[in-house]
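Novice: Got a file for you: coords_25.txt, compact mmCIF, C-alpha atoms.
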```txt
# COMPACT_ATOMS: atom_id res chain seq x y z
CA MET A 1 -29.44 -0.53 9.21
CA LEU A 2 -29.11 -4.15 8.10
CA ILE A 3 -28.51 -7.28 10.15
CA VAL A 4 -27.40 -10.36 8.19
CA MET A 5 -27.17 -13.89 9.61
CA GLY A 6 -25.50 -14.69 12.94
CA GLN A 7 -25.76 -17.00 15.94
CA GLY A 8 -28.10 -16.92 18.91
CA ALA A 9 -29.92 -19.96 20.22
CA ASP A 10 -29.32 -21.33 16.72
CA PHE A 11 -27.56 -20.30 13.49
CA PHE A 12 -29.44 -17.93 11.16
CA ASN A 13 -29.46 -16.96 7.47
CA ASP A 14 -32.11 -14.25 7.75
CA VAL A 15 -31.83 -10.58 6.74
CA TRP A 16 -33.46 -7.76 8.73
CA ALA A 17 -33.74 -4.02 8.09
CA PHE A 18 -34.15 -1.40 10.84
CA ASP A 19 -35.82 1.84 9.72
CA LEU A 20 -33.92 4.62 11.51
CA ASP A 21 -36.82 7.09 11.14
CA LEU A 22 -39.67 4.79 12.21
CA GLU A 23 -37.54 2.71 14.58
CA THR A 24 -39.09 -0.51 13.33
CA TRP A 25 -37.66 -3.87 12.20
CA THR A 26 -38.70 -5.64 8.97
CA GLU A 27 -37.52 -9.07 7.87
CA LEU A 28 -36.54 -9.10 4.18
CA LYS A 29 -37.44 -12.33 2.41
CA ALA A 30 -38.57 -13.39 -1.05
CA ASN A 31 -42.14 -14.56 -1.64
CA ASP A 32 -40.73 -17.64 -3.34
CA ARG A 33 -39.83 -19.89 -0.41
CA SER A 34 -37.98 -22.29 -2.74
CA ALA A 35 -35.43 -19.60 -3.63
CA ALA A 36 -31.80 -20.56 -3.03
CA ALA A 37 -30.08 -19.15 0.05
CA PRO A 38 -26.79 -19.62 1.88
CA ARG A 39 -26.80 -22.06 4.77
CA PRO A 40 -27.20 -20.48 8.24
CA ARG A 41 -23.94 -19.28 9.76
CA TYR A 42 -22.02 -16.69 11.76
CA GLY A 43 -18.55 -15.15 11.41
CA GLN A 44 -19.11 -14.59 7.69
CA SER A 45 -18.50 -10.80 7.55
CA ALA A 46 -20.50 -8.64 5.15
CA ALA A 47 -20.21 -5.57 2.90
CA LEU A 48 -22.50 -3.34 0.81
CA ASP A 49 -21.74 -2.68 -2.88
CA THR A 50 -22.78 0.28 -5.04
CA GLN A 51 -25.82 -1.65 -6.33
CA GLY A 52 -27.18 -1.82 -2.80
CA ARG A 53 -26.50 -5.54 -2.46
CA VAL A 54 -25.34 -7.16 0.76
CA LEU A 55 -22.33 -9.38 0.02
CA ILE A 56 -21.21 -12.18 2.33
CA SER A 57 -18.44 -14.76 2.04
CA HIS A 58 -17.30 -17.78 4.05
CA GLY A 59 -18.40 -18.27 7.69
CA PHE A 60 -19.06 -21.06 10.19
CA SER A 61 -21.86 -23.13 11.72
CA ASP A 62 -22.28 -26.44 13.54
CA GLN A 63 -22.02 -27.97 10.03
CA GLY A 64 -18.45 -26.69 9.62
CA ARG A 65 -16.76 -23.81 7.81
CA PHE A 66 -17.78 -22.46 4.39
CA ASP A 67 -16.03 -20.97 1.33
CA ASP A 68 -19.05 -19.74 -0.66
CA THR A 69 -19.90 -16.14 -1.65
CA TRP A 70 -23.42 -14.68 -1.96
CA ALA A 71 -25.17 -11.39 -2.77
CA PHE A 72 -28.51 -10.37 -1.26
CA ASP A 73 -30.58 -8.21 -3.61
CA LEU A 74 -32.47 -5.83 -1.30
CA ALA A 75 -35.06 -4.87 -3.94
CA ALA A 76 -36.01 -8.49 -4.72
CA ALA A 77 -35.24 -9.73 -1.18
CA ARG A 78 -33.43 -12.65 -2.75
CA TRP A 79 -30.02 -14.30 -2.44
CA VAL A 80 -27.82 -14.88 -5.51
CA ASN A 81 -24.96 -17.40 -5.36
CA LEU A 82 -21.70 -15.85 -6.66
CA THR A 83 -19.44 -18.77 -5.73
CA PRO A 84 -17.10 -19.60 -8.65
CA ALA A 85 -17.47 -23.13 -9.99
CA SER A 86 -13.71 -23.49 -10.39
CA GLY A 87 -10.42 -21.69 -9.82
CA PRO A 88 -8.65 -20.57 -6.64
CA LYS A 89 -10.49 -19.23 -3.63
CA PRO A 90 -9.72 -18.52 0.03
CA LEU A 91 -9.64 -21.59 2.26
CA LYS A 92 -12.77 -22.27 4.31
CA ARG A 93 -12.82 -19.92 7.32
CA CYS A 94 -14.73 -17.63 9.66
CA LEU A 95 -14.04 -14.50 11.74
CA HIS A 96 -12.28 -12.79 8.82
CA GLU A 97 -12.72 -9.23 7.53
CA LEU A 98 -14.51 -8.30 4.29
CA ILE A 99 -14.35 -4.92 2.51
CA TYR A 100 -16.01 -3.67 -0.70
CA GLU A 101 -13.76 -1.59 -2.97
CA ALA A 102 -16.06 0.44 -5.23
CA ILE A 103 -13.42 1.65 -7.72
CA ALA A 104 -12.51 -1.89 -8.79
CA ASP A 105 -15.95 -3.37 -7.93
CA ARG A 106 -14.41 -6.12 -5.84
CA LEU A 107 -14.35 -7.60 -2.36
CA LEU A 108 -11.21 -7.78 -0.25
CA LEU A 109 -10.98 -10.57 2.33
CA PHE A 110 -8.33 -10.69 5.06
CA GLY A 111 -7.38 -13.19 7.77
CA GLY A 112 -9.77 -15.31 9.80
CA CYS A 113 -9.71 -18.81 11.24
CA SER A 114 -9.59 -22.01 9.15
CA SER A 115 -9.43 -24.46 12.04
CA GLY A 116 -10.04 -27.98 10.76
CA PHE A 117 -8.94 -27.04 7.24
CA GLY A 118 -5.78 -24.99 7.76
CA PRO A 119 -4.18 -22.25 9.88
CA CYS A 120 -6.02 -20.49 12.68
CA PRO A 121 -5.43 -17.60 12.52
CA GLN A 122 -4.86 -16.76 8.85
CA GLY A 123 -2.96 -13.77 7.45
CA ASP A 124 -3.72 -13.93 3.73
CA LEU A 125 -5.39 -11.24 1.60
CA TRP A 126 -7.71 -12.04 -1.33
CA ALA A 127 -9.64 -10.04 -3.94
CA PHE A 128 -12.98 -11.17 -5.41
CA ASP A 129 -13.83 -9.57 -8.78
CA LEU A 130 -17.62 -9.14 -8.81
CA LYS A 131 -17.74 -8.83 -12.61
CA THR A 132 -15.99 -12.12 -13.30
CA THR A 133 -16.74 -13.81 -9.92
CA THR A 134 -13.12 -14.89 -9.58
CA TRP A 135 -10.78 -14.89 -6.58
CA THR A 136 -7.14 -13.73 -6.71
CA GLU A 137 -4.71 -13.91 -3.81
CA LEU A 138 -2.81 -10.65 -3.30
CA ILE A 139 0.81 -11.26 -2.31
CA PRO A 140 2.11 -7.98 -0.82
CA SER A 141 5.72 -6.89 -1.10
CA GLY A 142 7.76 -6.46 2.08
CA VAL A 143 6.51 -6.95 5.63
CA ALA A 144 2.90 -7.77 6.46
CA PRO A 145 0.76 -8.02 9.60
CA SER A 146 0.93 -11.27 11.53
CA ALA A 147 -1.93 -13.71 11.01
CA ARG A 148 -5.08 -12.75 12.94
CA SER A 149 -8.84 -13.03 13.21
CA ASN A 150 -11.54 -10.76 14.67
CA ALA A 151 -9.71 -7.55 13.69
CA SER A 152 -10.88 -4.10 12.51
CA LEU A 153 -10.51 -3.39 8.79
CA VAL A 154 -11.75 -0.25 7.02
CA TYR A 155 -11.38 1.06 3.46
CA GLU A 156 -10.55 4.70 2.74
CA ALA A 157 -11.44 5.36 -0.91
CA THR A 158 -9.77 8.77 -1.23
CA THR A 159 -6.29 7.33 -0.78
CA GLN A 160 -7.06 3.75 -1.87
CA THR A 161 -5.93 2.46 1.49
CA LEU A 162 -7.01 -0.27 3.90
CA TYR A 163 -6.50 0.29 7.62
CA LEU A 164 -6.16 -2.66 10.00
CA PHE A 165 -6.27 -2.59 13.78
CA GLY A 166 -5.95 -5.23 16.48
CA GLY A 167 -7.29 -8.76 16.23
CA LYS A 168 -6.58 -12.14 17.78
CA THR A 169 -3.12 -13.52 16.95
CA ASP A 170 -1.19 -16.60 18.09
CA GLY A 171 0.09 -14.44 20.93
CA GLY A 172 -3.35 -13.18 21.97
CA ALA A 173 -5.05 -9.83 21.42
CA ASN A 174 -3.08 -7.29 19.39
CA ALA A 175 -2.88 -3.46 19.34
CA GLU A 176 -0.99 -2.89 16.08
CA THR A 177 -2.17 -0.46 13.41
CA TRP A 178 -1.36 -1.15 9.75
CA SER A 179 -2.15 0.48 6.41
CA TYR A 180 -2.30 -1.30 3.06
CA ASP A 181 -1.76 0.66 -0.16
CA LEU A 182 -3.97 -0.94 -2.82
CA ASP A 183 -2.03 0.64 -5.68
CA LYS A 184 1.39 -0.42 -4.38
CA ASN A 185 0.21 -3.75 -2.94
CA GLN A 186 2.16 -2.97 0.22
CA TRP A 187 1.56 -3.09 3.98
CA THR A 188 3.06 -0.48 6.35
CA GLN A 189 2.94 -0.61 10.14
CA LEU A 190 1.95 2.78 11.59
CA GLU A 191 4.18 3.56 14.56
CA GLY A 192 3.53 5.95 17.41
CA GLN A 193 -0.25 5.80 17.11
CA LYS A 194 -2.36 6.57 20.17
CA ALA A 195 -4.62 3.56 19.99
CA PRO A 196 -7.00 1.40 22.02
CA SER A 197 -5.45 -1.32 24.15
CA ALA A 198 -4.88 -4.72 22.55
CA ARG A 199 -8.21 -6.34 21.67
CA SER A 200 -10.20 -8.49 19.28
CA SER A 201 -13.87 -8.82 18.25
CA GLN A 202 -14.46 -5.06 18.52
CA ALA A 203 -17.30 -3.48 16.55
CA THR A 204 -16.06 -1.26 13.72
CA GLY A 205 -17.85 1.24 11.48
CA TYR A 206 -16.65 3.77 8.92
CA ASP A 207 -18.02 7.32 8.66
CA VAL A 208 -17.51 8.30 5.00
CA GLN A 209 -18.51 11.97 5.42
CA VAL A 210 -15.76 12.86 7.88
CA ARG A 211 -13.33 10.03 6.98
CA ARG A 212 -13.12 8.33 10.35
CA ALA A 213 -13.60 4.86 11.81
CA LEU A 214 -15.41 4.21 15.07
CA ILE A 215 -14.30 1.28 17.21
CA PHE A 216 -16.36 0.08 20.15
CA GLY A 217 -15.65 -2.53 22.79
CA GLY A 218 -13.97 -5.86 22.15
CA LEU A 219 -12.21 -8.60 24.12
CA THR A 220 -9.08 -7.48 25.99
CA ALA A 221 -6.73 -9.11 28.49
CA ALA A 222 -8.95 -7.63 31.22
CA GLY A 223 -12.16 -9.02 29.70
CA SER A 224 -14.90 -7.39 27.67
CA SER A 225 -14.48 -3.67 27.01
CA ALA A 226 -17.05 -0.91 26.49
CA ASP A 227 -14.86 2.00 25.38
CA LEU A 228 -15.42 3.97 22.16
CA TRP A 229 -12.62 5.28 19.95
CA GLU A 230 -12.50 7.58 16.93
CA TRP A 231 -9.88 6.81 14.29
CA SER A 232 -9.32 9.73 11.90
CA PHE A 233 -7.45 9.49 8.58
```
Go ahead and render the structure in this file as structure tokens.
Specialist:
Amino acid sequence: MLIVMGQGADFFNDVWAFDLDLETWTELKANDRSAAAPRPRYGQSAALDTQGRVLISHGFSDQGRFDDTWAFDLAAARWVNLTPASGPKPLKRCLHELIYEAIADRLLLFGGCSSGFGPCPQGDLWAFDLKTTTWTELIPSGVAPSARSNASLVYEATTQTLYLFGGKTDGGANAETWSYDLDKNQWTQLEGQKAPSARSSQATGYDVQVRRALIFGGLTAAGSSADLWEWSF
């Protein structure tokens, strides 16, 4: 299990690995202390690619919001800056969602908060091609989810579909469930779903073997929650 960056008493840009067999923590860091690294932050979101790299993009600290993109090479314990020198890219933000799509070898970034630079929340969807290190905004046809931050977003490779749940909107916590067809570039709201109550900032994980998402906790109208939900596809 990997922990990347975050906020505690301060902002961090460290990377830690937890060995699930030995139940021990190890900090991963290059021997070369002059090696480049992203500035400390939280709210950056992260994803793993098929090369075993940890990919992060955007985020926030007391120094403001960011719009850079980095890869952490686990074997070398070193950060590599993937930020394009020119061209379009998502506005500076934090509290967005980031997914790795293996088939196209790209990142997908949705929503977040660009307070100080633009809308908070955001509702845009972007793709980052890891081969060319270029961003492209995806403009879906038809209806789309309202702008939101702190949502759940998972990628189901078998059907080439993103699934979105909840998040913080202009109207508060949300309980909508949406699917996004990557081939059709189209959002669809899923009606009649038995779902958790409206919430944001819930923890979300995807179980590839049985094709299900697990959602734990979050912030609801009644305060912090500690319930656990299974979301099967």
Novice: Find the residue from A:Arg33, A:Lys184, A:Lys168, A:Lys131 that sits nearest to A:Leu219; use all atoms listed in the file when measuring.
Specialist: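 Closest to A:Leu219, using all atoms listed in the file: A:Lys168.
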Novice: Taking only C-alpha atoms into account, name the residue in A:Glu230, A:Asp73, A:Glu191, A:Asp62 that is nearest to A:Tyr42.
Specialist: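 For A:Tyr42, the nearest of the given residues is A:Asp62.
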Novice: Grab the atom CA of A:Asn174 to atom CA of A:Ser200 distance for me, in Å with one decimal place.
Specialist: 7.2 Å
Novice: Restricting the calculation to only C-alpha atoms, which member of A:Ala221, A:Val4, A:Leu20, A:Leu130 is positioned closest to A:Thr69?
Specialist: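 That would be A:Leu130, the residue with the smallest distance to A:Thr69.
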Novice: Which distance in Å separates atom CA of A:Gln193 and atom CA of A:Thr158, to one decimal?
Specialist: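 Going from atom CA of A:Gln193 over to atom CA of A:Thr158, I get 20.9 Å.
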Novice: Can you work out which one of A:Trp178, A:Trp135, A:Phe233, A:Phe110 has the shortest atom-to-atom distance to A:Glu156, counting only C-alpha atoms?
Specialist: A:Phe233
Novice: Choose the residue, out of A:Gly166, A:Gly223, A:Gly112, A:Gly43, that has the smallest atom-to-atom separation from A:Pro196; count all atoms listed in the file.
Specialist: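 That would be A:Gly166, the residue with the smallest distance to A:Pro196.
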Novice: Name the closest residue to A:Leu107 among the candidates A:Gly123, A:Arg78, A:Ala46, A:Phe60; distances are taken between atoms, counting all atoms listed in the file.
Specialist: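 The closest residue to A:Leu107 is A:Ala46.
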